[in-house]
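S.K.: Please find start27.txt (compact mmCIF, N, CA and C atoms) on the next line:
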# COMPACT_ATOMS: atom_id res chain seq x y z
N MET A 610 49.32 13.84 28.10
CA MET A 610 47.98 14.24 27.73
C MET A 610 47.92 15.74 27.46
N ALA A 611 48.85 16.50 28.00
CA ALA A 611 48.84 17.94 27.81
C ALA A 611 49.13 18.32 26.36
N LEU A 612 50.02 17.60 25.70
CA LEU A 612 50.37 17.93 24.32
C LEU A 612 49.18 17.78 23.37
N PRO A 613 48.43 16.65 23.41
CA PRO A 613 47.26 16.57 22.52
C PRO A 613 46.22 17.66 22.82
N LEU A 614 46.01 17.98 24.09
CA LEU A 614 45.05 19.03 24.44
C LEU A 614 45.51 20.40 23.93
N LEU A 615 46.81 20.66 24.04
CA LEU A 615 47.35 21.91 23.54
C LEU A 615 47.22 21.99 22.03
N LEU A 616 47.51 20.91 21.34
CA LEU A 616 47.37 20.86 19.88
C LEU A 616 45.90 21.07 19.47
N PHE A 617 44.99 20.40 20.16
CA PHE A 617 43.57 20.56 19.88
C PHE A 617 43.14 22.01 20.08
N ALA A 618 43.58 22.62 21.16
CA ALA A 618 43.23 24.02 21.43
C ALA A 618 43.79 24.94 20.34
N ALA A 619 45.02 24.69 19.91
CA ALA A 619 45.62 25.54 18.88
C ALA A 619 44.89 25.40 17.55
N VAL A 620 44.54 24.18 17.18
CA VAL A 620 43.82 23.97 15.91
C VAL A 620 42.44 24.61 15.99
N THR A 621 41.75 24.42 17.10
CA THR A 621 40.42 25.02 17.27
C THR A 621 40.49 26.53 17.17
N TRP A 622 41.46 27.12 17.83
CA TRP A 622 41.62 28.57 17.79
C TRP A 622 41.90 29.04 16.37
N GLN A 623 42.80 28.37 15.66
CA GLN A 623 43.15 28.78 14.31
C GLN A 623 41.96 28.69 13.36
N VAL A 624 41.18 27.64 13.49
CA VAL A 624 40.04 27.46 12.59
C VAL A 624 38.93 28.46 12.90
N THR A 625 38.63 28.65 14.17
CA THR A 625 37.51 29.55 14.53
C THR A 625 37.88 31.02 14.41
N ALA A 626 39.16 31.36 14.51
CA ALA A 626 39.59 32.76 14.43
C ALA A 626 39.98 33.16 13.01
N GLY A 627 39.79 32.27 12.04
CA GLY A 627 40.14 32.61 10.66
C GLY A 627 41.63 32.59 10.41
N GLY A 628 42.36 31.78 11.17
CA GLY A 628 43.80 31.67 11.01
C GLY A 628 44.17 30.89 9.76
N PRO A 629 45.44 30.53 9.62
CA PRO A 629 45.91 29.86 8.41
C PRO A 629 45.25 28.49 8.15
N LEU A 630 44.70 27.87 9.16
CA LEU A 630 44.06 26.57 8.96
C LEU A 630 42.61 26.69 8.49
N ALA A 631 42.04 27.87 8.59
CA ALA A 631 40.61 28.05 8.29
C ALA A 631 40.29 27.73 6.83
N GLU A 632 41.14 28.16 5.88
CA GLU A 632 40.87 27.90 4.47
C GLU A 632 40.84 26.41 4.18
N GLY A 633 41.81 25.68 4.71
CA GLY A 633 41.82 24.22 4.52
C GLY A 633 40.62 23.55 5.17
N ASP A 634 40.22 24.07 6.32
CA ASP A 634 39.05 23.53 7.00
C ASP A 634 37.79 23.74 6.18
N GLU A 635 37.64 24.93 5.62
CA GLU A 635 36.46 25.21 4.79
C GLU A 635 36.45 24.35 3.53
N ARG A 636 37.61 24.17 2.91
CA ARG A 636 37.70 23.33 1.71
C ARG A 636 37.32 21.89 2.05
N LEU A 637 37.83 21.38 3.15
CA LEU A 637 37.51 20.03 3.58
C LEU A 637 36.02 19.90 3.89
N ALA A 638 35.44 20.92 4.51
CA ALA A 638 34.00 20.88 4.81
C ALA A 638 33.18 20.82 3.53
N ARG A 639 33.56 21.62 2.52
CA ARG A 639 32.84 21.58 1.24
C ARG A 639 32.92 20.20 0.61
N GLU A 640 34.12 19.61 0.61
CA GLU A 640 34.29 18.27 0.04
C GLU A 640 33.48 17.23 0.79
N MET A 641 33.42 17.37 2.10
CA MET A 641 32.64 16.43 2.90
C MET A 641 31.16 16.55 2.60
N ARG A 642 30.68 17.79 2.42
CA ARG A 642 29.27 17.98 2.08
C ARG A 642 28.94 17.36 0.73
N GLU A 643 29.87 17.49 -0.23
CA GLU A 643 29.66 16.93 -1.56
C GLU A 643 29.69 15.40 -1.54
N ASP A 644 30.57 14.83 -0.71
CA ASP A 644 30.74 13.38 -0.66
C ASP A 644 30.08 12.75 0.56
N ALA A 645 29.13 13.45 1.16
CA ALA A 645 28.49 12.95 2.38
C ALA A 645 27.76 11.64 2.10
N PRO A 646 27.72 10.77 3.11
CA PRO A 646 26.96 9.53 2.93
C PRO A 646 25.47 9.85 2.79
N PRO A 647 24.67 8.85 2.47
CA PRO A 647 23.22 9.10 2.37
C PRO A 647 22.71 9.82 3.63
N THR A 648 21.72 10.64 3.46
CA THR A 648 21.24 11.52 4.53
C THR A 648 20.92 10.78 5.82
N ALA A 649 20.23 9.66 5.74
CA ALA A 649 19.84 8.94 6.97
C ALA A 649 21.09 8.48 7.73
N LEU A 650 22.07 7.94 7.03
CA LEU A 650 23.30 7.50 7.69
C LEU A 650 24.07 8.68 8.26
N ALA A 651 24.16 9.75 7.49
CA ALA A 651 24.87 10.94 7.97
C ALA A 651 24.20 11.52 9.21
N GLU A 652 22.89 11.55 9.22
CA GLU A 652 22.17 12.08 10.39
C GLU A 652 22.38 11.18 11.60
N PHE A 653 22.37 9.85 11.38
CA PHE A 653 22.61 8.91 12.48
C PHE A 653 24.00 9.14 13.06
N LEU A 654 25.01 9.26 12.21
CA LEU A 654 26.38 9.47 12.69
C LEU A 654 26.51 10.83 13.38
N ALA A 655 25.84 11.84 12.85
CA ALA A 655 25.88 13.16 13.49
C ALA A 655 25.19 13.12 14.85
N ASP A 656 24.11 12.37 14.96
CA ASP A 656 23.40 12.27 16.23
C ASP A 656 24.25 11.63 17.32
N LEU A 657 25.20 10.79 16.94
CA LEU A 657 26.08 10.18 17.93
C LEU A 657 26.94 11.23 18.64
N GLY A 658 27.09 12.40 18.05
CA GLY A 658 27.83 13.47 18.68
C GLY A 658 27.01 14.33 19.63
N ASN A 659 25.69 14.14 19.63
CA ASN A 659 24.84 14.89 20.55
C ASN A 659 24.89 14.27 21.94
N VAL A 660 24.90 15.11 22.94
CA VAL A 660 24.97 14.62 24.33
C VAL A 660 23.82 13.68 24.63
N GLU A 661 22.63 14.01 24.14
CA GLU A 661 21.45 13.19 24.44
C GLU A 661 21.58 11.77 23.90
N VAL A 662 22.30 11.60 22.82
CA VAL A 662 22.49 10.28 22.22
C VAL A 662 23.81 9.67 22.68
N ALA A 663 24.85 10.49 22.75
CA ALA A 663 26.18 9.98 23.07
C ALA A 663 26.25 9.34 24.46
N LEU A 664 25.65 10.00 25.45
CA LEU A 664 25.77 9.48 26.82
C LEU A 664 25.12 8.10 26.99
N PRO A 665 23.91 7.87 26.51
CA PRO A 665 23.36 6.51 26.65
C PRO A 665 24.16 5.46 25.86
N VAL A 666 24.66 5.83 24.68
CA VAL A 666 25.46 4.88 23.90
C VAL A 666 26.76 4.57 24.63
N LEU A 667 27.41 5.60 25.17
CA LEU A 667 28.64 5.38 25.93
C LEU A 667 28.37 4.59 27.21
N ALA A 668 27.25 4.84 27.87
CA ALA A 668 26.90 4.09 29.08
C ALA A 668 26.71 2.61 28.75
N ALA A 669 26.05 2.32 27.64
CA ALA A 669 25.87 0.92 27.23
C ALA A 669 27.22 0.28 26.92
N ALA A 670 28.11 1.02 26.28
CA ALA A 670 29.45 0.49 25.98
C ALA A 670 30.24 0.24 27.26
N LEU A 671 30.10 1.14 28.24
CA LEU A 671 30.78 0.94 29.52
C LEU A 671 30.25 -0.30 30.25
N ALA A 672 28.94 -0.45 30.25
CA ALA A 672 28.36 -1.63 30.89
C ALA A 672 28.85 -2.91 30.23
N TYR A 673 28.89 -2.89 28.91
CA TYR A 673 29.39 -4.06 28.18
C TYR A 673 30.86 -4.35 28.54
N ALA A 674 31.68 -3.29 28.57
CA ALA A 674 33.10 -3.48 28.91
C ALA A 674 33.26 -3.98 30.33
N TRP A 675 32.45 -3.49 31.25
CA TRP A 675 32.54 -3.93 32.64
C TRP A 675 32.18 -5.42 32.75
N VAL A 676 31.07 -5.80 32.14
CA VAL A 676 30.65 -7.21 32.18
C VAL A 676 31.70 -8.09 31.52
N ARG A 677 32.20 -7.64 30.39
CA ARG A 677 33.22 -8.41 29.68
C ARG A 677 34.50 -8.54 30.51
N GLY A 678 34.88 -7.45 31.19
CA GLY A 678 36.06 -7.49 32.05
C GLY A 678 35.86 -8.43 33.23
N ARG A 679 34.67 -8.43 33.81
CA ARG A 679 34.38 -9.37 34.92
C ARG A 679 34.43 -10.80 34.43
N HIS A 680 33.87 -11.00 33.24
CA HIS A 680 33.82 -12.35 32.67
C HIS A 680 35.22 -12.90 32.44
N ARG A 681 36.12 -12.05 32.02
CA ARG A 681 37.49 -12.49 31.75
C ARG A 681 38.36 -12.49 33.00
N GLY A 682 37.79 -12.07 34.12
CA GLY A 682 38.56 -12.07 35.36
C GLY A 682 39.59 -10.95 35.41
N GLN A 683 39.34 -9.85 34.67
CA GLN A 683 40.30 -8.76 34.62
C GLN A 683 40.13 -7.81 35.78
N SER A 684 39.05 -7.89 36.48
CA SER A 684 38.83 -7.01 37.61
C SER A 684 39.48 -7.61 38.85
N GLY A 685 40.21 -6.80 39.61
CA GLY A 685 40.93 -7.30 40.77
C GLY A 685 40.04 -7.90 41.83
N ASN A 686 38.85 -7.34 42.04
CA ASN A 686 37.94 -7.84 43.08
C ASN A 686 36.80 -8.64 42.50
N ARG A 687 36.99 -9.15 41.34
CA ARG A 687 36.00 -10.03 40.68
C ARG A 687 34.61 -9.40 40.63
N GLY A 688 34.56 -8.20 40.04
CA GLY A 688 33.27 -7.58 39.79
C GLY A 688 32.90 -6.46 40.75
N ARG A 689 33.64 -6.27 41.84
CA ARG A 689 33.30 -5.20 42.77
C ARG A 689 33.76 -3.84 42.26
N ARG A 690 34.91 -3.81 41.62
CA ARG A 690 35.43 -2.56 41.05
C ARG A 690 35.53 -2.74 39.55
N PRO A 691 35.28 -1.66 38.80
CA PRO A 691 35.40 -1.79 37.34
C PRO A 691 36.86 -1.92 36.93
N PRO A 692 37.11 -2.58 35.81
CA PRO A 692 38.47 -2.63 35.28
C PRO A 692 38.98 -1.21 35.03
N PRO A 693 40.28 -0.98 35.07
CA PRO A 693 40.82 0.38 34.88
C PRO A 693 40.37 1.05 33.58
N ALA A 694 40.27 0.28 32.51
CA ALA A 694 39.85 0.87 31.24
C ALA A 694 38.42 1.40 31.33
N VAL A 695 37.57 0.72 32.08
CA VAL A 695 36.19 1.17 32.24
C VAL A 695 36.16 2.46 33.06
N SER A 696 36.98 2.54 34.09
CA SER A 696 37.04 3.76 34.90
C SER A 696 37.52 4.94 34.06
N ALA A 697 38.53 4.72 33.23
CA ALA A 697 39.05 5.78 32.37
C ALA A 697 37.99 6.22 31.36
N ALA A 698 37.29 5.26 30.80
CA ALA A 698 36.24 5.59 29.83
C ALA A 698 35.10 6.35 30.51
N ALA A 699 34.78 6.00 31.74
CA ALA A 699 33.72 6.71 32.47
C ALA A 699 34.13 8.16 32.73
N ALA A 700 35.40 8.37 33.05
CA ALA A 700 35.88 9.75 33.25
C ALA A 700 35.80 10.53 31.94
N ALA A 701 36.15 9.89 30.84
CA ALA A 701 36.06 10.56 29.54
C ALA A 701 34.60 10.87 29.21
N MET A 702 33.72 9.95 29.56
CA MET A 702 32.29 10.16 29.29
C MET A 702 31.77 11.35 30.08
N ALA A 703 32.26 11.54 31.29
CA ALA A 703 31.84 12.68 32.10
C ALA A 703 32.28 14.00 31.46
N ALA A 704 33.35 13.95 30.67
CA ALA A 704 33.85 15.16 30.03
C ALA A 704 32.94 15.63 28.89
N VAL A 705 32.12 14.73 28.36
CA VAL A 705 31.28 15.09 27.21
C VAL A 705 30.38 16.29 27.54
N PRO A 706 29.53 16.21 28.56
CA PRO A 706 28.67 17.37 28.81
C PRO A 706 29.43 18.56 29.40
N LEU A 707 30.56 18.30 30.04
CA LEU A 707 31.30 19.39 30.68
C LEU A 707 32.17 20.17 29.69
N LEU A 708 32.71 19.49 28.69
CA LEU A 708 33.64 20.14 27.76
C LEU A 708 33.12 20.23 26.33
N VAL A 709 32.64 19.11 25.80
CA VAL A 709 32.28 19.07 24.39
C VAL A 709 31.06 19.93 24.09
N ALA A 710 30.02 19.81 24.89
CA ALA A 710 28.81 20.59 24.64
C ALA A 710 29.07 22.10 24.64
N PRO A 711 29.79 22.63 25.63
CA PRO A 711 30.08 24.07 25.57
C PRO A 711 30.96 24.45 24.37
N LEU A 712 31.91 23.59 24.01
CA LEU A 712 32.75 23.89 22.85
C LEU A 712 31.94 23.93 21.57
N LYS A 713 30.96 23.05 21.45
CA LYS A 713 30.09 23.06 20.27
C LYS A 713 29.33 24.37 20.19
N GLU A 714 28.85 24.85 21.32
CA GLU A 714 28.12 26.12 21.34
C GLU A 714 29.04 27.29 21.01
N LEU A 715 30.25 27.28 21.55
CA LEU A 715 31.18 28.39 21.33
C LEU A 715 31.69 28.45 19.89
N THR A 716 31.96 27.31 19.29
CA THR A 716 32.54 27.32 17.95
C THR A 716 31.49 27.50 16.88
N GLY A 717 30.31 26.90 17.03
CA GLY A 717 29.25 27.03 16.05
C GLY A 717 29.66 26.58 14.66
N ARG A 718 30.51 25.58 14.57
CA ARG A 718 31.01 25.11 13.27
C ARG A 718 29.91 24.37 12.51
N PRO A 719 29.79 24.63 11.20
CA PRO A 719 28.81 23.90 10.39
C PRO A 719 29.26 22.47 10.17
N GLY A 720 28.28 21.61 10.00
CA GLY A 720 28.58 20.20 9.77
C GLY A 720 28.44 19.84 8.31
N PRO A 721 28.69 18.58 7.97
CA PRO A 721 28.63 18.13 6.58
C PRO A 721 27.24 18.30 5.96
N LEU A 722 26.19 18.26 6.77
CA LEU A 722 24.85 18.41 6.25
C LEU A 722 24.27 19.79 6.48
N GLY A 723 25.11 20.72 6.93
CA GLY A 723 24.64 22.06 7.28
C GLY A 723 24.30 22.10 8.75
N GLY A 724 23.86 23.23 9.21
CA GLY A 724 23.57 23.38 10.63
C GLY A 724 24.85 23.54 11.44
N THR A 725 24.71 23.74 12.73
CA THR A 725 25.88 23.92 13.59
C THR A 725 25.85 22.90 14.71
N GLY A 726 26.88 22.94 15.54
CA GLY A 726 26.93 22.03 16.68
C GLY A 726 27.62 20.70 16.36
N TYR A 727 28.47 20.69 15.34
CA TYR A 727 29.14 19.45 14.98
C TYR A 727 30.56 19.36 15.52
N PHE A 728 31.13 20.48 15.88
CA PHE A 728 32.53 20.47 16.31
C PHE A 728 32.59 20.84 17.77
N PRO A 729 33.39 20.17 18.56
CA PRO A 729 34.19 18.99 18.25
C PRO A 729 33.38 17.72 18.46
N SER A 730 33.60 16.78 17.64
CA SER A 730 32.94 15.47 17.79
C SER A 730 33.99 14.40 17.77
Rewrite the coordinates I just gave you, this time as structure tokens.
M.R.:
Amino acid sequence: MALPLLLFAAVTWQVTAGGPLAEGDERLAREMREDAPPTALAEFLADLGNVEVALPVLAAALAYAWVRGRHRGQSGNRGRRPPPAVSAAAAAMAAVPLLVAPLKELTGRPGPLGGTGYFPS
């Protein structure tokens, strides 16, 4: 897990500090703005990256996975403990407000429809 995190940190640093990846990032952003989906769809997809929307959606997905895991008998105690995948997803969900939200504020990257707060999503 350290290697992907290190790679993510290096790419983020290069793009935000104007390193060699910044030009490609800006070109890709322009192309995405030109080829963006219809505004309503793009706004809906962008909203999924907001903490206020992401956490309830992820919580619903976790509940569904837990119920599905219990139904299939994948939980060792038959519903008392969540399946391991649900526990891992819950830990990842906890990282959203702790890591992603501050990174969005620090980077201030523009999104496909303009505005900031899109990176990392």
S.K.: Pick out the residues sitting within 6.5 Å of region 623-630 of chain A, and hand them over as an NGL selection string; count all atoms listed in the file, and ignore anything fewer than 5 positions along from it in its own chain.
M.R.: :A and (618 or 635 or 716)
S.K.: Go ahead and save the residues from that selection, with N, CA and C atoms, as a PDB file, in the frame of the given file.
M.R.:
ATOM      1  N   ALA A 618      43.580  22.620  21.160  1.00  0.00           N
ATOM      2  CA  ALA A 618      43.230  24.020  21.430  1.00  0.00           C
ATOM      3  C   ALA A 618      43.790  24.940  20.340  1.00  0.00           C
ATOM      4  N   GLU A 635      37.640  24.930   5.620  1.00  0.00           N
ATOM      5  CA  GLU A 635      36.460  25.210   4.790  1.00  0.00           C
ATOM      6  C   GLU A 635      36.450  24.350   3.530  1.00  0.00           C
ATOM      7  N   THR A 716      31.960  27.310  19.290  1.00  0.00           N
ATOM      8  CA  THR A 716      32.540  27.320  17.950  1.00  0.00           C
ATOM      9  C   THR A 716      31.490  27.500  16.880  1.00  0.00           C
TER      10      THR A 716
END
S.K.: By how many Å are CA of Ala670 (chain A) and CA of Ser696 (chain A) apart?
M.R.: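 It comes out at 12.2 Å.
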S.K.: May I have a table of the residues of region 685-712 of chain A lying at most 8 Å from region 649-667 of chain A, giving each one's closest pair of atoms and their distance in Å to one decimal, counting all atoms listed in the file, ordered by chain and ascending residue number, as a Markdown table?
M.R.:
| residue | atom | partner | partner_atom | distance |
| --- | --- | --- | --- | --- |
| A:Ala698 | C | A:Leu667 | C | 7.7 |
| A:Ala699 | CA | A:Leu667 | C | 7.8 |
| A:Met702 | CA | A:Leu667 | CA | 6.9 |
| A:Val705 | C | A:Val660 | CA | 6.5 |
| A:Pro706 | N | A:Val660 | CA | 6.4 |
| A:Val709 | C | A:Val660 | N | 7.9 |
| A:Ala710 | CA | A:Val660 | N | 6.9 |
S.K.: Record the distance separating CA of Pro692 (chain A) and atom N of Leu615 (chain A), expressed in Å with one decimal.
M.R.: 27.2 Å
S.K.: Please report the interatomic distance between CA of Val695 (chain A) and CA of Ala668 (chain A) in Å with one decimal.
M.R.: 10.2 Å
S.K.: Counting only C-alpha atoms, figure out which residue out of A:Thr621, A:Pro647, A:Ala703, A:Glu632 gets nearest to Arg718 (chain A).
M.R.: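 Ranking A:Thr621, A:Pro647, A:Ala703, A:Glu632 by distance to Arg718 (chain A), first place goes to A:Thr621.
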S.K.: Pick out each residue of region 620-686 of chain A that DSSP on the backbone tags as helix (DSSP H, G or I); I need them as a ChimeraX atom specification.
M.R.: /A:620-625,631-643,648-656,660-680
S.K.: Take the point (31.4, -0.5, 35.5) in the file's coordinates, draw a sphere of radius 6 Å around it, and report as a VMD selection string every protein, DNA or RNA residue with an atom inside or on it, counting only N, CA and C atoms.
M.R.: chain A and resid 671 to 672 675 691
S.K.: What would the file look like if the residues just selected were written as an mmCIF file, keeping the file's coordinate frame with N, CA and C atoms?
M.R.:
data_model
loop_
_atom_site.group_PDB
_atom_site.id
_atom_site.type_symbol
_atom_site.label_atom_id
_atom_site.label_comp_id
_atom_site.auth_asym_id
_atom_site.auth_seq_id
_atom_site.Cartn_x
_atom_site.Cartn_y
_atom_site.Cartn_z
ATOM 1 N N LEU A 671 30.100 1.140 28.240
ATOM 2 C CA LEU A 671 30.780 0.940 29.520
ATOM 3 C C LEU A 671 30.250 -0.300 30.250
ATOM 4 N N ALA A 672 28.940 -0.450 30.250
ATOM 5 C CA ALA A 672 28.360 -1.630 30.890
ATOM 6 C C ALA A 672 28.850 -2.910 30.230
ATOM 7 N N TRP A 675 32.450 -3.490 31.250
ATOM 8 C CA TRP A 675 32.540 -3.930 32.640
ATOM 9 C C TRP A 675 32.180 -5.420 32.750
ATOM 10 N N PRO A 691 35.280 -1.660 38.800
ATOM 11 C CA PRO A 691 35.400 -1.790 37.340
ATOM 12 C C PRO A 691 36.860 -1.920 36.930
#
S.K.: So that all listed atoms of region 612-626 of chain A fit with 3 Å spare on each side, what axis-aligned box centre and edge lengths in Å, to one decimal, would you give as lines of an AutoDock Vina configuration file?
M.R.:
center_x = 43.9
center_y = 24.9
center_z = 19.1
size_x = 18.9
size_y = 22.6
size_z = 19.1
